[in-house]
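First comes the structure, then the notes that go with it.
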Amino acid sequence: MQVRGANFLVPVNANPTREADVDFQMLDVALVLRQMESSGTRLNLVMLDACRNNPFGGRGLRASSGGLAQMQAPEGTLISYATQPGNVAQDGDDGHSPYTRAPSETITKGLGIFQTFNAVGLRVKRKTGGAQQPWVSSSPIEGSFFFAAVEAGAPTPQPSPAPSPALVPRHQPLSRNRSSCGFRSLRRRRPPGPAGRGRIARRPLGLSWLEIFRYRPQRTARGRAIDSLRAPFPDGRGLLVLALLLSALAAIPASAAAMPKDFVYLSDIDPSIEQDMRYAGAENFTGRSVPGYDAPECVLVRQAAEALKAVQAELKAKGLSLKVYDCYRPAEAVAAFVAWSKAPDDPDSKAVHYPALAKAELFPQGYIATVSGHSRGATMDLTLVPLDAESVQPATGGNALGACTAPAADREADTSIDMGTGFDCFDVKANTAAQGLSMAQQQNRKMLLVAMARHGFKNYEKEWWHFTLEHEPYPDTVFDFPIDPRGSKP
């Protein structure tokens with residue numbers, strides 16, 4: 001809805017009684033746009049089919065206006081409105097608004113972004129007899145973008161289960177006026193038996209913004225910070241403060257109090273795979289243990305862990321073993337990497353991990369990103385070690401400050417066979433097909449690449465150690481549960 005000339009996203013349980021409540025119970029769309037602009041992505045899409053008029057009646061929101069205000073699209077952003085600014089969109093008569101239904105009926109493989117939203121607009125216009133005409137705001141966008149088809153047989157992420165009735169607090173009922181553009185009455189039911197006494201459970205509508213913040217795991221440092229900020233606002237008025245705290249993430253991560261059932265500890269699948277989990281300790285480019293890594297354990301989706309087990313079986317016949325440096329990475333850890341990249345340079349870290357680059361270049365060159373594939377649970381960093389690695393001398397000399405690009409004898413101690421650079425080496429020499437490697441280094445990289453590819457993994461060309469399961473089960477989901485010690489939770 002529009003208030004004071006600004007557009008706000010309205011949580012399903014927002015219940016403002018005065019104009020000042022808008023700042024605390026709703027989220028300014030401009031904040032979302034700024035975060036998207038700073039994420040570094042080439043294209044951002046924003047589709048607005050939320051409430052267009054004031055769903056709260058005459059509650060003192062005198063500054064609210066009909067429809068949405070026109071916004072300037074930031075660089076690389078396309079904003080699609082359900083209708084022209086200042087106008088009110090229709091609800092539809094079948095449970096879906098005309099604008100909500102139109103994209104699902106229009107998006108086609110190979111259709112360009114601008115063609116798609118033009119077709120959406122025409123479809124809505126025809127459906128409403130010209131009463132509603134979607135509108136697009138866009139800045140210049142470099143490159144051409146098209147919709148791609150989903151590969152046949154690719155697994156589809158399952159929706160999260162409905163929140164437990166025990167976690168759903170009482171809410172004052174929302175407006176029941178159907179003309180409030182989607183603010184229809186919520187169907188509610190009491191669960192059978194004692195569990196339903198005194199509590200209200202919703203059907204599986206998903207969590208609102210307020211509930212996402214209220215029920216995030218509180219055991220991590222970020223969770224404790226959220227908890228301390230929320231404490232002065234028992235009625236939820238800390239929403240905007242919490243949104244600002246978490247807005248450094250490019251996407252709202254899927255979070256859970258415990259590891260999801262589809263994830264496993266690699267050591268439970270194949271204990272013979274060596275683990276050297278660098279971010280659980282101080283031996284990494286940040287120089288300290290990273291938030292979210294509460295145990296030195298490799299956690300992956302089961303499909304990725306089983307595929308690694310198959311790779312390991314093949315390598316054992318050659319007298320080699322896999323060694324993993326990193327697996328699933330909580331979104332909290334990714335945010336810590338981003339914060340590290342903005343901090344002043346650490347001369348020791350630079351000397352070892354990015355000797356030829358300025359810290360400011362790590363983002364543009366793709367070594368650090370606001371969202372990591374590791375957070376999807378099917379990406380890992382690994383190398384090859386001799387099968388009897390514990391009984392042999394380290395392949396490198398153990399010079400704590402040796403550059404990652406230096407000869408093996410001058411790098412940090414590691415049991416890895418010589419791959420030409422150390423792990424977490426932000427340098428072109430770490431590119432999988434880098435020039436200037438010795439014949440042995442090239443063969444070692446190729447051996448790892450071929451073994452992983454044979455079992456469904458693809459390599460990230462800038463890092464010889466970085467692999468992702470091609471048919472990963474959660475290609476669009478970012479997880480943020482902490483890595484706990486095995487057996488620490490039931």
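In the structure tokens, chains take letters A, B, ... by order of appearance, with residues numbered from 1 within each chain and ligands from 1 in the order shown.
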
Region 343-348 of chain A environment, 9 Å, only C-alpha atoms, sequence neighbours closer than 4 positions dropped, as a PDB file with N, CA and C atoms, in the first residue's frame:
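See selection.pdb below for the written result:
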ATOM      1  N   THR A 286      39.790 -15.292   6.756  1.00  0.00           N
ATOM      2  CA  THR A 286      39.333 -14.288   7.726  1.00  0.00           C
ATOM      3  C   THR A 286      40.196 -14.282   8.980  1.00  0.00           C
ATOM      4  N   GLY A 287      40.958 -15.359   9.203  1.00  0.00           N
ATOM      5  CA  GLY A 287      41.823 -15.431  10.371  1.00  0.00           C
ATOM      6  C   GLY A 287      41.113 -15.789  11.661  1.00  0.00           C
ATOM      7  N   ALA A 339      30.964  -8.947   5.306  1.00  0.00           N
ATOM      8  CA  ALA A 339      31.429  -7.946   6.276  1.00  0.00           C
ATOM      9  C   ALA A 339      32.956  -7.900   6.308  1.00  0.00           C
ATOM     10  N   VAL A 352      48.884 -14.259   2.161  1.00  0.00           N
ATOM     11  CA  VAL A 352      48.662 -15.691   1.922  1.00  0.00           C
ATOM     12  C   VAL A 352      47.590 -15.932   0.867  1.00  0.00           C
ATOM     13  N   HIS A 353      46.453 -15.266   0.973  1.00  0.00           N
ATOM     14  CA  HIS A 353      45.273 -15.641   0.191  1.00  0.00           C
ATOM     15  C   HIS A 353      45.010 -14.807  -1.056  1.00  0.00           C
ATOM     16  N   ALA A 358      43.922  -6.405  -4.816  1.00  0.00           N
ATOM     17  CA  ALA A 358      43.444  -5.540  -3.737  1.00  0.00           C
ATOM     18  C   ALA A 358      42.158  -6.157  -3.198  1.00  0.00           C
ATOM     19  N   LYS A 359      41.889  -5.950  -1.925  1.00  0.00           N
ATOM     20  CA  LYS A 359      40.694  -6.528  -1.314  1.00  0.00           C
ATOM     21  C   LYS A 359      39.426  -6.084  -2.036  1.00  0.00           C
ATOM     22  N   LEU A 401      53.024 -18.019   6.449  1.00  0.00           N
ATOM     23  CA  LEU A 401      52.795 -16.791   5.691  1.00  0.00           C
ATOM     24  C   LEU A 401      53.184 -16.943   4.231  1.00  0.00           C
TER      25      LEU A 401
END

Q: Calculate how many Å separate CA of Pro364 (chain A) from CA of Thr41 (chain A), rounding to one decimal.
A: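 Separation of CA of Pro364 (chain A) and CA of Thr41 (chain A): 10.7 Å.
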
Q. When you draw a straight line from CA of Ser138 (chain A) to CA of Thr77 (chain A), how long is it in Å?
A. 5.9 Å
